[in-house]
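Here is data26.cif, consisting of mmCIF, C-alpha atoms:
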data_start
loop_
_atom_site.label_atom_id
_atom_site.label_comp_id
_atom_site.auth_asym_id
_atom_site.auth_seq_id
_atom_site.Cartn_x
_atom_site.Cartn_y
_atom_site.Cartn_z
CA MET A 1 5.23 30.11 33.52
CA ALA A 2 4.32 29.52 29.91
CA LEU A 3 3.64 26.01 28.81
CA THR A 4 6.42 24.29 26.99
CA VAL A 5 5.76 23.85 23.30
CA PHE A 6 7.65 21.68 20.89
CA ASP A 7 8.86 23.18 17.67
CA ASP A 8 10.50 21.47 14.77
CA ILE A 9 13.82 22.97 13.95
CA LEU A 10 15.07 20.82 11.14
CA SER A 11 15.15 22.93 8.01
CA LEU A 12 15.33 19.79 5.90
CA GLU A 13 12.04 18.80 7.40
CA ARG A 14 10.45 22.10 6.48
CA GLU A 15 11.59 21.68 2.92
CA ILE A 16 10.22 18.19 2.74
CA GLY A 17 7.10 19.21 4.57
CA ASN A 18 6.30 21.87 2.03
CA LEU A 19 6.09 19.24 -0.65
CA PHE A 20 3.17 17.52 0.94
CA GLN A 21 -0.35 18.54 1.60
CA GLY A 22 -2.46 17.74 4.58
CA PHE A 23 -4.65 14.72 5.01
CA SER A 24 -7.84 14.44 6.94
CA GLY A 25 -8.23 12.53 10.15
CA GLY A 26 -5.74 14.19 12.46
CA ALA A 27 -6.21 17.01 14.92
CA VAL A 28 -3.23 18.74 13.35
CA PRO A 29 -2.92 18.51 9.57
CA GLY A 30 -0.19 16.10 8.61
CA ARG A 31 2.43 17.64 6.43
CA PHE A 32 4.27 14.57 5.35
CA LEU A 33 1.67 12.46 3.64
CA ARG A 34 1.18 13.37 0.03
CA SER A 35 -2.33 14.17 -1.00
CA GLY A 36 -3.92 11.15 -2.59
CA GLU A 37 -1.25 8.86 -1.30
CA HIS A 38 -2.33 5.38 -0.39
CA TYR A 39 -1.75 3.89 3.00
CA PRO A 40 0.22 1.84 3.73
CA SER A 41 3.13 2.35 1.36
CA VAL A 42 3.88 -0.81 -0.58
CA ASN A 43 6.94 -1.99 -2.47
CA ILE A 44 6.98 -5.03 -4.74
CA PHE A 45 10.04 -7.03 -5.73
CA ASP A 46 10.73 -9.88 -8.06
CA SER A 47 13.42 -12.34 -7.07
CA ASN A 48 13.84 -15.27 -9.39
CA GLU A 49 11.89 -17.56 -7.10
CA ASP A 50 9.32 -15.26 -5.50
CA PHE A 51 7.37 -12.06 -5.66
CA ILE A 52 7.88 -10.14 -2.44
CA VAL A 53 5.41 -7.51 -1.24
CA VAL A 54 6.63 -5.19 1.52
CA ALA A 55 4.32 -2.80 3.38
CA GLU A 56 5.12 -0.28 6.11
CA ILE A 57 2.61 -0.65 8.93
CA PRO A 58 4.20 0.67 12.13
CA GLY A 59 2.13 0.42 15.27
CA VAL A 60 -0.02 -2.40 13.91
CA ARG A 61 -0.11 -5.68 15.78
CA LYS A 62 0.14 -9.01 14.05
CA GLU A 63 -3.36 -10.05 15.07
CA ASP A 64 -4.77 -6.87 13.50
CA VAL A 65 -3.48 -7.62 9.99
CA HIS A 66 -5.34 -9.72 7.44
CA LEU A 67 -4.06 -11.07 4.15
CA THR A 68 -6.20 -12.65 1.48
CA LEU A 69 -5.39 -13.90 -1.98
CA ASP A 70 -8.37 -14.21 -4.26
CA ASN A 71 -8.25 -14.67 -7.98
CA GLY A 72 -4.79 -13.14 -8.29
CA LEU A 73 -5.59 -10.18 -6.02
CA LEU A 74 -3.65 -9.87 -2.79
CA THR A 75 -5.46 -7.77 -0.20
CA ILE A 76 -3.60 -6.37 2.79
CA SER A 77 -6.03 -5.00 5.33
CA GLY A 78 -6.04 -4.27 9.01
CA GLU A 79 -6.40 -1.71 11.69
CA ARG A 80 -4.03 0.53 13.56
CA LYS A 81 -5.56 0.88 16.96
CA VAL A 82 -5.27 3.98 19.08
CA GLY A 83 -3.00 3.47 22.06
CA ALA A 84 -4.35 4.08 25.52
CA MET A 85 -3.90 7.64 26.74
CA PRO A 86 -3.46 8.48 30.39
CA ASP A 87 -6.15 10.51 32.09
CA LYS A 88 -5.93 14.27 31.59
CA ALA A 89 -3.56 13.87 28.68
CA GLU A 90 -3.74 16.43 25.90
CA TRP A 91 -2.63 16.14 22.30
CA LEU A 92 -0.01 18.65 21.22
CA ARG A 93 0.58 17.13 17.81
CA LYS A 94 -1.19 14.44 15.83
CA GLU A 95 0.37 13.31 12.58
CA ILE A 96 0.05 9.56 12.83
CA ARG A 97 -3.01 8.08 11.25
CA THR A 98 -5.02 5.41 13.01
CA GLY A 99 -7.97 3.28 11.97
CA SER A 100 -8.52 0.71 9.27
CA PHE A 101 -6.59 0.38 6.04
CA SER A 102 -6.70 -1.74 2.92
CA ARG A 103 -4.59 -2.18 -0.18
CA VAL A 104 -5.33 -4.42 -3.13
CA ILE A 105 -2.48 -5.63 -5.29
CA GLU A 106 -2.88 -7.52 -8.52
CA LEU A 107 -0.20 -10.11 -8.78
CA PRO A 108 1.32 -11.53 -11.88
CA ARG A 109 -0.64 -14.62 -12.73
CA HIS A 110 1.47 -17.52 -11.73
CA VAL A 111 1.74 -17.54 -7.96
CA ASP A 112 1.67 -20.67 -5.88
CA GLY A 113 -1.11 -19.74 -3.47
CA ASP A 114 -0.47 -22.66 -1.15
CA ARG A 115 3.05 -21.57 -0.27
CA ILE A 116 2.54 -17.90 0.57
CA SER A 117 4.22 -16.79 3.78
CA ALA A 118 4.28 -13.52 5.68
CA ASP A 119 6.00 -11.98 8.64
CA LEU A 120 5.69 -8.70 10.52
CA SER A 121 8.71 -7.22 12.23
CA ASP A 122 9.38 -3.68 13.49
CA GLY A 123 6.45 -2.34 11.51
CA ILE A 124 7.46 -3.95 8.21
CA LEU A 125 5.11 -6.53 6.72
CA ARG A 126 6.79 -8.84 4.25
CA VAL A 127 4.73 -11.22 2.12
CA VAL A 128 6.57 -13.84 0.08
CA LEU A 129 4.59 -15.23 -2.84
CA PRO A 130 6.42 -18.12 -4.49
CA LYS A 131 6.13 -18.25 -8.24
CA ALA A 132 4.41 -21.24 -9.70
CA GLU A 133 6.78 -23.53 -11.58
CA GLU A 134 5.69 -22.33 -15.02
CA ALA A 135 6.43 -18.69 -14.14
CA LYS A 136 10.06 -19.17 -13.10
CA PRO A 137 12.72 -18.08 -15.53
CA ARG A 138 14.44 -20.98 -17.13
CA GLU A 139 17.26 -21.49 -19.50
CA VAL A 140 16.47 -23.20 -22.76
CA LYS A 141 19.15 -25.42 -24.12
CA ILE A 142 19.83 -25.20 -27.79
CA LYS A 143 19.72 -28.57 -29.36
CA MET B 1 -12.69 -6.87 -10.52
CA THR B 2 -11.58 -4.16 -12.88
CA ASN B 3 -11.72 -1.24 -10.49
CA ASN B 4 -10.81 -2.60 -7.12
CA LYS B 5 -7.14 -3.17 -7.74
CA GLU B 6 -4.85 -0.29 -7.01
CA ILE B 7 -1.55 -1.79 -7.96
CA ALA B 8 -1.21 -4.06 -10.93
CA VAL B 9 2.00 -5.85 -11.68
CA THR B 10 1.18 -7.36 -14.97
CA HIS B 11 4.45 -8.81 -16.08
CA GLY B 12 6.37 -11.43 -14.22
CA SER B 13 9.65 -9.87 -15.21
CA SER B 14 8.97 -6.18 -15.61
CA GLU B 15 11.60 -3.61 -16.25
CA PRO B 16 13.03 -2.22 -13.05
CA VAL B 17 11.55 1.13 -12.08
CA THR B 18 13.89 4.05 -12.43
CA ARG B 19 14.63 5.93 -9.24
CA PRO B 20 15.53 9.58 -8.91
CA GLU B 21 19.19 10.17 -8.31
CA GLY B 22 20.18 10.21 -4.67
CA ARG B 23 16.98 8.73 -3.39
CA GLU B 24 18.79 5.93 -1.62
CA ASP B 25 20.33 8.36 0.86
CA GLN B 26 17.22 10.29 1.70
CA TYR B 27 16.42 10.79 5.34
CA LEU B 28 12.77 11.23 6.14
CA PRO B 29 11.31 12.94 9.19
CA PRO B 30 9.24 10.29 10.96
CA LEU B 31 5.58 11.14 11.60
CA ALA B 32 5.06 12.20 15.20
CA ASP B 33 2.32 12.21 17.78
CA ILE B 34 2.95 14.21 20.93
CA TYR B 35 0.83 14.40 24.03
CA GLU B 36 1.24 16.03 27.39
CA THR B 37 0.29 14.57 30.73
CA GLN B 38 0.52 16.15 34.15
CA ASP B 39 4.07 14.99 34.67
CA ALA B 40 5.50 14.28 31.21
CA TYR B 41 5.56 14.83 27.47
CA VAL B 42 5.23 11.68 25.37
CA ILE B 43 6.49 11.62 21.78
CA MET B 44 5.69 8.74 19.44
CA LEU B 45 7.55 8.45 16.15
CA ASP B 46 6.75 6.08 13.28
CA MET B 47 10.03 4.45 12.28
CA PRO B 48 9.13 1.23 10.48
CA GLY B 49 12.05 -1.04 9.75
CA ALA B 50 14.50 0.87 11.94
CA GLN B 51 16.71 -1.28 14.12
CA LYS B 52 16.50 -0.63 17.81
CA GLU B 53 20.27 -0.88 18.23
CA SER B 54 20.99 1.78 15.65
CA ILE B 55 18.40 4.40 16.63
CA ARG B 56 20.01 7.46 18.20
CA VAL B 57 18.17 9.71 20.62
CA ARG B 58 20.18 12.76 21.66
CA LEU B 59 19.44 15.58 24.04
CA GLU B 60 21.75 18.49 23.48
CA ARG B 61 21.47 22.22 24.09
CA GLY B 62 17.73 22.07 24.47
CA ASN B 63 17.21 20.00 21.33
CA LEU B 64 15.97 16.48 21.05
CA THR B 65 17.29 14.71 17.96
CA VAL B 66 16.17 11.30 16.77
CA SER B 67 17.82 9.50 13.90
CA ALA B 68 18.21 6.06 12.38
CA PRO B 69 20.66 5.22 9.60
CA ALA B 70 19.63 4.43 6.05
CA ILE B 71 19.43 0.67 5.84
CA GLY B 72 17.04 -0.03 2.98
CA ARG B 73 14.36 -0.86 5.47
CA ALA B 74 11.62 -1.73 3.01
CA HIS B 75 13.78 -3.26 0.34
CA GLN B 76 14.60 -6.74 -0.82
CA PRO B 77 17.05 -8.26 -3.24
CA GLY B 78 15.67 -8.60 -6.73
CA THR B 79 14.06 -6.43 -9.34
CA VAL B 80 11.92 -3.54 -8.11
CA LEU B 81 8.48 -3.84 -9.71
CA HIS B 82 6.75 -1.14 -7.70
CA GLU B 83 8.03 1.33 -5.13
CA GLU B 84 6.17 3.74 -2.88
CA THR B 85 8.27 4.05 0.25
CA ARG B 86 10.40 7.15 0.49
CA GLY B 87 13.70 7.54 2.22
CA THR B 88 15.71 4.82 3.78
CA GLY B 89 16.66 6.48 7.05
CA PHE B 90 14.98 8.73 9.56
CA SER B 91 15.93 12.05 11.11
CA ARG B 92 13.94 14.63 13.04
CA ALA B 93 14.69 17.23 15.67
CA PHE B 94 12.57 19.07 18.20
CA SER B 95 13.46 22.02 20.35
CA LEU B 96 12.45 21.59 23.93
CA GLY B 97 11.17 24.32 26.15
CA GLU B 98 12.34 24.77 29.69
CA GLY B 99 11.18 22.63 32.51
CA ILE B 100 12.16 19.21 31.25
CA ASP B 101 14.15 16.90 33.46
CA LEU B 102 16.94 15.96 31.08
CA LYS B 103 18.23 13.28 33.39
CA ASN B 104 14.94 11.43 33.37
CA VAL B 105 14.11 10.42 29.80
CA ASP B 106 12.69 7.07 28.82
CA ALA B 107 12.68 5.59 25.30
CA HIS B 108 11.49 2.31 23.90
CA PHE B 109 10.93 0.86 20.44
CA GLN B 110 8.13 -1.54 19.58
CA ASP B 111 6.36 -2.50 16.33
CA GLY B 112 8.31 0.17 14.46
CA VAL B 113 7.23 2.96 16.81
CA LEU B 114 9.71 4.84 18.99
CA THR B 115 8.16 6.23 22.16
CA ILE B 116 10.07 8.85 24.14
CA LYS B 117 8.87 10.05 27.52
CA LEU B 118 10.28 13.35 28.79
CA PHE B 119 9.46 14.03 32.40
CA LYS B 120 8.74 17.53 33.59
CA ASN B 121 10.71 19.28 36.28
CA GLU B 122 8.89 19.82 39.52
CA GLU B 123 8.06 23.44 38.72
CA LEU B 124 6.12 22.49 35.57
CA LYS B 125 3.91 19.98 37.30
CA PRO B 126 0.56 21.14 38.55
CA HIS B 127 0.53 21.87 42.24
CA GLU B 128 -2.36 21.88 44.58
CA ILE B 129 -2.14 24.71 47.11
CA SER B 130 -3.67 23.94 50.39
CA ILE B 131 -5.47 26.78 52.08
CA ARG B 132 -4.42 27.44 55.59
#
File written out as structure tokens:
Amino acid sequence: MALTVFDDILSLEREIGNLFQGFSGGAVPGRFLRSGEHYPSVNIFDSNEDFIVVAEIPGVRKEDVHLTLDNGLLTISGERKVGAMPDKAEWLRKEIRTGSFSRVIELPRHVDGDRISADLSDGILRVVLPKAEEAKPREVKIK
Amino acid sequence: MTNNKEIAVTHGSSEPVTRPEGREDQYLPPLADIYETQDAYVIMLDMPGAQKESIRVRLERGNLTVSAPAIGRAHQPGTVLHEETRGTGFSRAFSLGEGIDLKNVDAHFQDGVLTIKLFKNEELKPHEISIR
């Protein structure tokens, strides 16, 4: 009997997949990561009180993530470790990237470095960087 | 100092970035790793920010479908200064060959990774034949 093989059937996926080029590092070329794209993906938000940096790092454990703030540069680095494989297991598809990663983000100047907090939940890293007092928006009363 | 920063947010109150129309509803196929063992196929899917309670795993007519609703997983209230994540929900389907025990499927979600284990039927497992 022939071995069972998995095939993607979602046409949407094919369309999306065509938009992206492969990246190195996997046994099977990944079709979903854009060429030249940084890892991990980062979003940055500005609430009135804080800057919030959000990074997608699924499969990374808390103890394998490092955050540093130096001279206005926030560095998110870490490692996605390869999970243990059972004996005699064989890869059929490899799209997920493992290994070390690093992103450097220049923050707007006025951040209160002593009050930075971060949490990691379901693969989403969220770093809250409170604005220093002088950077918060304020209303000026007209005399 | 000048070259090592990749992202620079230079203004404390930048203009919000403009997003392509319809982007909020985009479903993205999660990246997948699949390996085969002697008695099972194991599928791992990157679904950061998905909520365990709302992930759907369906086996129907030989297809395995995984989806999670769009919930703005990597978003926060406030002005968007920089945005790289794509899609807010996940959806991907696989067709399964024969020989999978559809009544014996295991799924769990940890650290944003969904792991699905599909056990093989007896006839797909390797058998040792003893010589009489």
Atom CA of A:Val42 to atom CA of A:Phe101 measures 12.4 Å
With all atoms listed in the file as the atoms that count, which of B:His82, B:Arg58, B:Lys103, B:Lys52 lies nearest to chain A?
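Counting all atoms listed in the file, the residue closest to chain A is B:His82.
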Where does the PyMOL selection byres ((chain A) within 6 of (chain B)) land in this file, that is, which residues does it pick, as a PDB file with C-alpha atoms, keeping the file's coordinate frame?
ATOM      1  CA  THR A   4       6.420  24.290  26.990  1.00  0.00           C
ATOM      2  CA  PHE A   6       7.650  21.680  20.890  1.00  0.00           C
ATOM      3  CA  ASP A   7       8.860  23.180  17.670  1.00  0.00           C
ATOM      4  CA  ASP A   8      10.500  21.470  14.770  1.00  0.00           C
ATOM      5  CA  ILE A   9      13.820  22.970  13.950  1.00  0.00           C
ATOM      6  CA  LEU A  10      15.070  20.820  11.140  1.00  0.00           C
ATOM      7  CA  SER A  41       3.130   2.350   1.360  1.00  0.00           C
ATOM      8  CA  VAL A  42       3.880  -0.810  -0.580  1.00  0.00           C
ATOM      9  CA  ASN A  43       6.940  -1.990  -2.470  1.00  0.00           C
ATOM     10  CA  ILE A  44       6.980  -5.030  -4.740  1.00  0.00           C
ATOM     11  CA  PHE A  45      10.040  -7.030  -5.730  1.00  0.00           C
ATOM     12  CA  ASP A  46      10.730  -9.880  -8.060  1.00  0.00           C
ATOM     13  CA  SER A  47      13.420 -12.340  -7.070  1.00  0.00           C
ATOM     14  CA  PRO A  58       4.200   0.670  12.130  1.00  0.00           C
ATOM     15  CA  GLY A  59       2.130   0.420  15.270  1.00  0.00           C
ATOM     16  CA  ALA A  89      -3.560  13.870  28.680  1.00  0.00           C
ATOM     17  CA  GLU A  90      -3.740  16.430  25.900  1.00  0.00           C
ATOM     18  CA  TRP A  91      -2.630  16.140  22.300  1.00  0.00           C
ATOM     19  CA  LEU A  92      -0.010  18.650  21.220  1.00  0.00           C
ATOM     20  CA  ARG A  93       0.580  17.130  17.810  1.00  0.00           C
ATOM     21  CA  LYS A  94      -1.190  14.440  15.830  1.00  0.00           C
ATOM     22  CA  GLU A  95       0.370  13.310  12.580  1.00  0.00           C
ATOM     23  CA  ILE A  96       0.050   9.560  12.830  1.00  0.00           C
ATOM     24  CA  VAL A 104      -5.330  -4.420  -3.130  1.00  0.00           C
ATOM     25  CA  ILE A 105      -2.480  -5.630  -5.290  1.00  0.00           C
ATOM     26  CA  GLU A 106      -2.880  -7.520  -8.520  1.00  0.00           C
ATOM     27  CA  LEU A 107      -0.200 -10.110  -8.780  1.00  0.00           C
ATOM     28  CA  PRO A 108       1.320 -11.530 -11.880  1.00  0.00           C
ATOM     29  CA  ASP A 122       9.380  -3.680  13.490  1.00  0.00           C
ATOM     30  CA  GLY A 123       6.450  -2.340  11.510  1.00  0.00           C
ATOM     31  CA  ILE A 124       7.460  -3.950   8.210  1.00  0.00           C
TER      32      ILE A 124
END
Atom CA of A:Arg103 to atom CA of A:Ser77: how many Å, to one decimal?
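Distance reported for this atom pair: 6.4 Å.
For the pair atom CA of A:Leu74 and atom CA of A:Val128, the separation is 11.3 Å.
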Nearest candidate to B:Asn121 (options B:Arg56, B:Pro69, B:Val105, B:Thr88; using all atoms listed in the file)
B:Val105
